[in-house]
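my_file-v5.csv follows; it contains CSV, C-alpha atoms and all ligand atoms.
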chain,number,residue,atom,x,y,z
A,180,MET,CA,-43.6,-8.9,-44.6
A,181,LYS,CA,-44.0,-12.2,-42.9
A,182,THR,CA,-41.7,-14.2,-40.6
A,183,LYS,CA,-41.5,-17.8,-41.4
A,184,ILE,CA,-39.5,-20.9,-40.3
A,185,LEU,CA,-38.4,-22.6,-43.5
A,186,LYS,CA,-36.8,-25.9,-44.2
A,187,ILE,CA,-34.0,-25.0,-46.4
A,188,LYS,CA,-31.1,-26.8,-48.0
A,189,CYS,CA,-28.2,-27.1,-45.6
A,190,PRO,CA,-25.7,-24.4,-46.7
A,191,GLU,CA,-22.8,-26.4,-45.1
A,192,CYS,CA,-23.1,-29.6,-47.1
A,193,GLY,CA,-25.3,-28.4,-50.0
A,194,GLY,CA,-28.0,-30.8,-49.1
A,195,LYS,CA,-25.9,-34.0,-49.2
A,196,GLY,CA,-25.9,-34.6,-45.5
A,197,GLU,CA,-22.2,-35.3,-45.7
A,198,TYR,CA,-19.0,-33.7,-46.8
A,199,THR,CA,-15.6,-35.0,-47.7
A,200,ASP,CA,-12.3,-33.8,-46.4
A,201,ARG,CA,-8.7,-34.6,-46.8
A,202,ASP,CA,-6.5,-35.1,-43.8
A,203,TYR,CA,-2.7,-34.5,-43.6
A,204,ASP,CA,-2.0,-37.7,-45.4
A,205,HIS,CA,-4.3,-36.8,-48.2
A,206,ILE,CA,-6.7,-39.5,-47.3
A,207,ILE,CA,-10.2,-38.6,-48.2
A,208,THR,CA,-12.8,-39.4,-45.7
A,209,VAL,CA,-16.5,-38.8,-45.5
A,210,PHE,CA,-18.0,-36.9,-42.6
A,211,GLY,CA,-21.6,-36.5,-41.5
A,212,CYS,CA,-22.7,-32.9,-41.7
A,213,GLU,CA,-23.2,-31.6,-38.1
A,214,THR,CA,-25.1,-28.5,-39.3
A,215,CYS,CA,-28.0,-30.7,-40.5
A,216,GLY,CA,-28.0,-33.3,-37.7
A,217,GLY,CA,-25.3,-35.7,-38.9
A,218,GLY,CA,-22.0,-36.6,-37.4
A,219,GLY,CA,-19.2,-39.0,-37.2
A,220,ALA,CA,-17.0,-40.2,-40.0
A,221,GLU,CA,-16.8,-43.1,-42.4
A,222,ALA,CA,-13.2,-43.8,-41.4
A,223,TYR,CA,-14.2,-44.3,-37.8
A,224,GLY,CA,-17.2,-46.4,-38.8
A,225,ASP,CA,-19.7,-44.1,-37.1
A,226,LEU,CA,-20.9,-42.1,-40.1
A,227,LYS,CA,-24.3,-40.6,-39.6
A,228,LYS,CA,-25.6,-38.6,-42.5
A,229,GLY,CA,-27.4,-35.4,-41.9
A,230,THR,CA,-30.9,-34.7,-43.3
A,231,GLY,CA,-29.5,-32.2,-45.8
A,232,TYR,CA,-32.0,-29.6,-44.5
A,233,VAL,CA,-32.0,-27.1,-41.8
A,234,ARG,CA,-34.7,-25.1,-40.2
A,235,LYS,CA,-34.0,-21.4,-40.2
A,236,LYS,CA,-36.1,-18.4,-39.3
A,237,PHE,CA,-36.5,-15.7,-42.0
A,238,ASP,CA,-38.2,-12.5,-42.8
A,239,VAL,CA,-39.9,-13.1,-46.1
A,240,LEU,CA,-39.6,-9.9,-48.1
A,241,ASN,CA,-42.1,-8.7,-50.7
A,242,GLU,CA,-39.4,-8.8,-53.4
A,243,LYS,CA,-38.7,-11.5,-56.0
A,244,CYS,CA,-35.9,-13.9,-55.3
A,245,GLN,CA,-33.3,-13.1,-58.0
A,246,VAL,CA,-31.8,-16.6,-58.0
A,247,CYS,CA,-34.9,-18.3,-59.3
A,248,ASN,CA,-36.6,-15.2,-60.6
A,249,GLY,CA,-39.5,-15.7,-58.2
A,250,GLU,CA,-40.3,-19.3,-59.3
A,251,GLY,CA,-39.2,-21.0,-56.2
A,252,LYS,CA,-37.4,-23.6,-58.3
A,253,ASN,CA,-34.2,-23.7,-60.3
A,254,THR,CA,-33.6,-25.8,-63.4
A,255,TYR,CA,-30.3,-27.7,-63.5
A,256,ILE,CA,-28.8,-29.8,-66.2
A,257,GLU,CA,-26.9,-32.9,-65.3
A,258,THR,CA,-24.5,-34.2,-67.9
A,259,SER,CA,-23.3,-37.8,-67.8
A,260,TYR,CA,-20.8,-39.5,-70.1
A,261,GLY,CA,-20.3,-43.1,-70.7
A,262,ASN,CA,-19.7,-45.9,-73.2
A,263,GLY,CA,-22.8,-47.4,-74.8
A,264,PHE,CA,-23.5,-50.0,-77.4
A,265,PHE,CA,-23.1,-47.4,-80.2
A,266,GLY,CA,-20.0,-45.9,-78.8
A,267,LYS,CA,-19.5,-43.0,-76.4
A,268,TYR,CA,-22.5,-41.1,-75.3
A,269,CYS,CA,-23.3,-37.9,-73.6
A,270,LYS,CA,-26.6,-37.6,-71.9
A,271,GLU,CA,-28.2,-34.5,-70.5
A,272,ARG,CA,-30.9,-34.6,-67.9
A,273,LYS,CA,-32.9,-31.6,-66.9
A,274,PHE,CA,-34.3,-31.4,-63.5
A,275,LYS,CA,-35.9,-28.9,-61.2
A,276,GLU,CA,-35.0,-28.4,-57.6
A,277,GLU,CA,-36.3,-26.1,-54.9
A,278,CYS,CA,-34.4,-22.9,-54.9
A,279,TYR,CA,-31.6,-22.9,-52.3
A,280,ALA,CA,-31.8,-19.1,-51.8
A,281,CYS,CA,-35.5,-18.7,-51.0
A,282,GLY,CA,-36.5,-22.2,-49.9
A,283,GLY,CA,-39.2,-22.3,-52.5
A,284,THR,CA,-41.0,-19.1,-51.5
A,285,GLY,CA,-39.9,-17.2,-54.6
A,286,LYS,CA,-39.1,-14.2,-52.4
A,287,LYS,CA,-36.0,-12.6,-51.0
A,288,LEU,CA,-35.2,-13.8,-47.5
A,289,VAL,CA,-33.4,-12.2,-44.6
A,290,GLU,CA,-32.2,-14.7,-42.0
A,291,ILE,CA,-33.0,-14.2,-38.4
A,292,TYR,CA,-30.2,-15.7,-36.4
A,293,GLN,CA,-31.0,-17.6,-33.3
A,294,ASN,CA,-28.1,-16.7,-31.0
A,295,LYS,CA,-27.5,-17.9,-27.6
A,296,CYS,CA,-28.4,-15.2,-25.1
A,297,MET,CA,-25.1,-13.8,-23.7
A,298,ARG,CA,-26.7,-12.4,-20.6
A,299,CYS,CA,-27.8,-15.8,-19.3
A,300,ASN,CA,-25.6,-18.0,-21.4
A,301,GLY,CA,-28.7,-19.6,-23.0
A,302,LYS,CA,-30.1,-20.8,-19.6
A,303,GLY,CA,-33.0,-18.4,-19.6
A,304,LYS,CA,-32.3,-17.4,-16.0
A,305,GLU,CA,-29.9,-14.8,-14.6
A,306,THR,CA,-28.3,-14.7,-11.2
A,307,TYR,CA,-28.3,-11.7,-9.0
A,308,TRP,CA,-27.2,-11.1,-5.4
A,309,GLU,CA,-29.5,-10.0,-2.7
A,310,LYS,CA,-28.2,-8.4,0.4
A,311,SER,CA,-29.2,-10.0,3.7
A,312,PHE,CA,-31.8,-7.9,5.5
A,313,PHE,CA,-30.0,-8.5,8.8
A,314,ARG,CA,-26.3,-8.4,7.9
A,315,SER,CA,-25.4,-6.2,5.0
A,316,SER,CA,-22.1,-8.0,4.5
A,317,VAL,CA,-23.9,-11.2,3.5
A,318,SER,CA,-25.5,-11.7,0.1
A,319,TYR,CA,-27.7,-14.4,-1.2
A,320,GLU,CA,-27.6,-15.8,-4.7
A,321,ARG,CA,-30.9,-15.6,-6.4
A,322,LYS,CA,-32.2,-16.4,-9.8
A,323,LYS,CA,-34.8,-14.7,-11.9
A,324,THR,CA,-36.0,-14.9,-15.5
A,325,CYS,CA,-33.5,-13.4,-17.8
A,326,SER,CA,-34.4,-9.8,-18.6
A,327,LYS,CA,-32.8,-9.8,-22.0
A,328,CYS,CA,-34.4,-13.0,-23.6
A,329,SER,CA,-37.5,-13.3,-21.3
A,330,GLY,CA,-36.4,-16.8,-20.4
A,331,SER,CA,-36.1,-18.3,-23.9
A,332,GLY,CA,-32.3,-18.4,-23.8
A,333,VAL,CA,-32.2,-17.1,-27.3
A,334,CYS,CA,-31.6,-13.7,-28.7
A,335,GLU,CA,-32.7,-13.1,-32.3
A,336,GLU,CA,-30.6,-11.0,-34.6
A,337,ARG,CA,-31.6,-10.0,-38.2
A,338,ALA,CA,-29.0,-10.3,-40.9
A,339,SER,CA,-28.1,-7.1,-42.7
A,340,PHE,CA,-28.1,-8.8,-46.1
A,341,ILE,CA,-30.2,-11.0,-48.3
A,342,TYR,CA,-29.9,-14.7,-47.7
A,343,GLU,CA,-28.0,-16.5,-50.5
A,344,GLY,CA,-28.1,-20.1,-49.4
B,1,ZN,ZN,-25.6,-30.3,-43.9
B,2,ZN,ZN,-35.4,-18.5,-55.2
B,3,ZN,ZN,-31.1,-14.6,-21.6

Will you turn the file into structure tokens for me?
Amino acid sequence: MKTKILKIKCPECGGKGEYTDRDYDHIITVFGCETCGGGGAEAYGDLKKGTGYVRKKFDVLNEKCQVCNGEGKNTYIETSYGNGFFGKYCKERKFKEECYACGGTGKKLVEIYQNKCMRCNGKGKETYWEKSFFRSSVSYERKKTCSKCSGSGVCEERASFIYEG
């Protein structure tokens, strides 16, 4: 089993870098996906599309990905309809795309979440109080490297299920 950081299709926006939403007045607006680095909204004139990809850390298992059957790619069929010179047409286009569930590895993945360390609140340092040598009623605030995350500010946690995109 290997641990890898994979560039994987953003599960939030499905790789589009943006998503649409309806507000209370049923006005549809386009938002930049924050999960993959975008932000803002079309309606406010500050739309910034995300990349459509996110970096995640995974354990790569020695088992075939069931979504793509180990190929690392999935085949999709895109159907388009329209009016052509000889009347209506229906076109089908086949295309392959990197598998959203395994990031192209062809193996089952288990995500390793990068959580903010709760002990130091992601700062990497923890505070402790040291009593004064001379007056026991006085304490000094001191900082030391966080004992839980060893200063990284991040605590990793393995998912208990197979990643599905
Ligand atoms: Zn996204
Ligand atoms: Zn796959
Ligand atoms: Zn910590």

Return the single residue from A:Gly330, A:Gly249, A:Gly219, A:Gly193 that is closest to ligand ZN 1 (chain B), with distances computed using all atoms listed in the file.
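The closest residue to ligand ZN 1 (chain B) is A:Gly193.
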
Could you build a table of the residues in chain A lying no more than 12 Å from ligand ZN 1 (chain B), giving for each the nearest pair of atoms and their separation in Å rounded to one decimal place, using only C-alpha atoms and all ligand atoms, ordered by chain and ascending residue number, as CSV?
residue,atom,partner,partner_atom,distance
A:Ile187,CA,B:ZN1,ZN,10.2
A:Lys188,CA,B:ZN1,ZN,7.7
A:Cys189,CA,B:ZN1,ZN,4.5
A:Pro190,CA,B:ZN1,ZN,6.5
A:Glu191,CA,B:ZN1,ZN,4.9
A:Cys192,CA,B:ZN1,ZN,4.1
A:Gly193,CA,B:ZN1,ZN,6.4
A:Gly194,CA,B:ZN1,ZN,5.7
A:Lys195,CA,B:ZN1,ZN,6.5
A:Gly196,CA,B:ZN1,ZN,4.6
A:Glu197,CA,B:ZN1,ZN,6.3
A:Tyr198,CA,B:ZN1,ZN,8.0
A:Thr199,CA,B:ZN1,ZN,11.7
A:Phe210,CA,B:ZN1,ZN,10.1
A:Gly211,CA,B:ZN1,ZN,7.8
A:Cys212,CA,B:ZN1,ZN,4.5
A:Glu213,CA,B:ZN1,ZN,6.4
A:Thr214,CA,B:ZN1,ZN,5.0
A:Cys215,CA,B:ZN1,ZN,4.2
A:Gly216,CA,B:ZN1,ZN,7.3
A:Gly217,CA,B:ZN1,ZN,7.4
A:Gly218,CA,B:ZN1,ZN,9.7
A:Lys227,CA,B:ZN1,ZN,11.2
A:Lys228,CA,B:ZN1,ZN,8.4
A:Gly229,CA,B:ZN1,ZN,5.8
A:Thr230,CA,B:ZN1,ZN,6.9
A:Gly231,CA,B:ZN1,ZN,4.7
A:Tyr232,CA,B:ZN1,ZN,6.5
A:Val233,CA,B:ZN1,ZN,7.5
A:Arg234,CA,B:ZN1,ZN,11.1
A:Gly344,CA,B:ZN1,ZN,11.9

Q.
I'd like the neighbourhood of Gly282 of chain A as JSON, numbers by chain, where a residue qualifies if any of its atoms comes within 12 Å (using all atoms listed in the file), though same-chain residues fewer than 5 positions away should be ignored.
A. {"A": [183, 184, 185, 186, 187, 188, 189, 190, 232, 233, 234, 235, 236, 237, 239, 244, 246, 247, 249, 250, 251, 252, 253, 276, 277, 287, 288, 289, 290, 342, 343, 344]}

Next item on the list: Extract, using only C-alpha atoms, all DNA, RNA and protein residues at most 10 Å from Tyr223 of chain A, discarding same-chain residues fewer than 2 positions from it, and format them as a PyMOL selection string.
Entry: chain A and resi 208-210+219-221+225-226

Could you give me, as an mmCIF file with C-alpha atoms, in the coordinates of the input, the residues that sit within 10 Å of (-32.8, -18.2, -16.0) in the file's coordinates, counting all atoms listed in the file?
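Saved the output as part-v6.cif:
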data_model
loop_
_atom_site.group_PDB
_atom_site.id
_atom_site.type_symbol
_atom_site.label_atom_id
_atom_site.label_comp_id
_atom_site.auth_asym_id
_atom_site.auth_seq_id
_atom_site.Cartn_x
_atom_site.Cartn_y
_atom_site.Cartn_z
ATOM 1 C CA ARG A 298 -26.700 -12.400 -20.600
ATOM 2 C CA CYS A 299 -27.800 -15.800 -19.300
ATOM 3 C CA ASN A 300 -25.600 -18.000 -21.400
ATOM 4 C CA GLY A 301 -28.700 -19.600 -23.000
ATOM 5 C CA LYS A 302 -30.100 -20.800 -19.600
ATOM 6 C CA GLY A 303 -33.000 -18.400 -19.600
ATOM 7 C CA LYS A 304 -32.300 -17.400 -16.000
ATOM 8 C CA GLU A 305 -29.900 -14.800 -14.600
ATOM 9 C CA THR A 306 -28.300 -14.700 -11.200
ATOM 10 C CA LYS A 322 -32.200 -16.400 -9.800
ATOM 11 C CA LYS A 323 -34.800 -14.700 -11.900
ATOM 12 C CA THR A 324 -36.000 -14.900 -15.500
ATOM 13 C CA CYS A 325 -33.500 -13.400 -17.800
ATOM 14 C CA SER A 326 -34.400 -9.800 -18.600
ATOM 15 C CA CYS A 328 -34.400 -13.000 -23.600
ATOM 16 C CA SER A 329 -37.500 -13.300 -21.300
ATOM 17 C CA GLY A 330 -36.400 -16.800 -20.400
ATOM 18 C CA SER A 331 -36.100 -18.300 -23.900
ATOM 19 C CA GLY A 332 -32.300 -18.400 -23.800
#

The residue from A:Ser315, A:Glu242, A:Arg321, A:Ile207 with the smallest atom-to-atom distance to ligand ZN 2 (chain B), counting all atoms listed in the file, is A:Glu242

| message | For a test of reading the model, state the distance in Å between atom CA of Arg272 of chain A and atom CA of Lys286 of chain A, rounded to one decimal. | response |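 So the answer is 26.9 Å.
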
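Interatomic distance, atom CA of Lys295 of chain A to atom CA of Glu335 of chain A: 8.5 Å.
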
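Interatomic distance, atom CA of Ser339 of chain A against atom CA of Asn294 of chain A: 15.1 Å.
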
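Across A:Leu240, A:Ala280, A:Tyr292, A:Lys327, the tightest approach to ligand ZN 3 (chain B) is made by A:Lys327 when counting all atoms listed in the file.
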
Missing atoms in segment 276-302 of chain A should be modelled up to N, CA and C atoms and reported as a CSV table (one decimal), keeping the file's coordinate frame.
chain,number,residue,atom,x,y,z
A,276,GLU,N,-35.2,-28.2,-59.0
A,276,GLU,CA,-35.0,-28.4,-57.6
A,276,GLU,C,-35.4,-27.1,-56.9
A,277,GLU,N,-35.9,-27.3,-55.7
A,277,GLU,CA,-36.3,-26.1,-54.9
A,277,GLU,C,-35.1,-25.1,-54.8
A,278,CYS,N,-35.4,-23.9,-54.9
A,278,CYS,CA,-34.4,-22.9,-54.9
A,278,CYS,C,-33.7,-22.8,-53.5
A,279,TYR,N,-32.4,-22.9,-53.5
A,279,TYR,CA,-31.6,-22.9,-52.3
A,279,TYR,C,-31.6,-21.5,-51.6
A,280,ALA,N,-31.9,-20.5,-52.3
A,280,ALA,CA,-31.8,-19.1,-51.8
A,280,ALA,C,-33.1,-18.7,-51.1
A,281,CYS,N,-34.2,-19.2,-51.6
A,281,CYS,CA,-35.5,-18.7,-51.0
A,281,CYS,C,-36.3,-19.9,-50.4
A,282,GLY,N,-35.8,-21.1,-50.5
A,282,GLY,CA,-36.5,-22.2,-49.9
A,282,GLY,C,-37.9,-22.5,-50.5
A,283,GLY,N,-38.0,-22.1,-51.8
A,283,GLY,CA,-39.2,-22.3,-52.5
A,283,GLY,C,-40.3,-21.2,-52.4
A,284,THR,N,-40.0,-20.2,-51.7
A,284,THR,CA,-41.0,-19.1,-51.5
A,284,THR,C,-41.0,-18.2,-52.7
A,285,GLY,N,-39.9,-18.1,-53.4
A,285,GLY,CA,-39.9,-17.2,-54.6
A,285,GLY,C,-39.6,-15.8,-54.2
A,286,LYS,N,-39.4,-15.5,-52.9
A,286,LYS,CA,-39.1,-14.2,-52.4
A,286,LYS,C,-37.8,-14.1,-51.7
A,287,LYS,N,-37.3,-12.9,-51.7
A,287,LYS,CA,-36.0,-12.6,-51.0
A,287,LYS,C,-36.2,-12.9,-49.5
A,288,LEU,N,-35.2,-13.5,-48.9
A,288,LEU,CA,-35.2,-13.8,-47.5
A,288,LEU,C,-34.1,-13.0,-46.7
A,289,VAL,N,-34.5,-12.7,-45.5
A,289,VAL,CA,-33.4,-12.2,-44.6
A,289,VAL,C,-33.4,-13.1,-43.4
A,290,GLU,N,-32.3,-13.7,-43.1
A,290,GLU,CA,-32.2,-14.7,-42.0
A,290,GLU,C,-32.3,-14.0,-40.6
A,291,ILE,N,-33.0,-14.6,-39.7
A,291,ILE,CA,-33.0,-14.2,-38.4
A,291,ILE,C,-32.2,-15.2,-37.6
A,292,TYR,N,-31.0,-14.8,-37.1
A,292,TYR,CA,-30.2,-15.7,-36.4
A,292,TYR,C,-30.7,-16.0,-35.0
A,293,GLN,N,-30.6,-17.2,-34.6
A,293,GLN,CA,-31.0,-17.6,-33.3
A,293,GLN,C,-29.8,-17.7,-32.4
A,294,ASN,N,-29.4,-16.6,-31.8
A,294,ASN,CA,-28.1,-16.7,-31.0
A,294,ASN,C,-28.4,-17.0,-29.6
A,295,LYS,N,-27.4,-17.6,-29.0
A,295,LYS,CA,-27.5,-17.9,-27.6
A,295,LYS,C,-27.5,-16.6,-26.8
A,296,CYS,N,-28.4,-16.4,-25.9
A,296,CYS,CA,-28.4,-15.2,-25.1
A,296,CYS,C,-27.1,-15.1,-24.3
A,297,MET,N,-26.4,-14.0,-24.4
A,297,MET,CA,-25.1,-13.8,-23.7
A,297,MET,C,-25.3,-13.4,-22.3
A,298,ARG,N,-26.4,-12.8,-22.0
A,298,ARG,CA,-26.7,-12.4,-20.6
A,298,ARG,C,-26.8,-13.6,-19.7
A,299,CYS,N,-27.6,-14.6,-20.1
A,299,CYS,CA,-27.8,-15.8,-19.3
A,299,CYS,C,-27.1,-17.0,-19.8
A,300,ASN,N,-26.3,-16.9,-20.8
A,300,ASN,CA,-25.6,-18.0,-21.4
A,300,ASN,C,-26.6,-19.1,-21.9
A,301,GLY,N,-27.7,-18.7,-22.4
A,301,GLY,CA,-28.7,-19.6,-23.0
A,301,GLY,C,-29.5,-20.4,-22.0
A,302,LYS,N,-29.4,-20.0,-20.7
A,302,LYS,CA,-30.1,-20.8,-19.6
A,302,LYS,C,-31.5,-20.2,-19.4
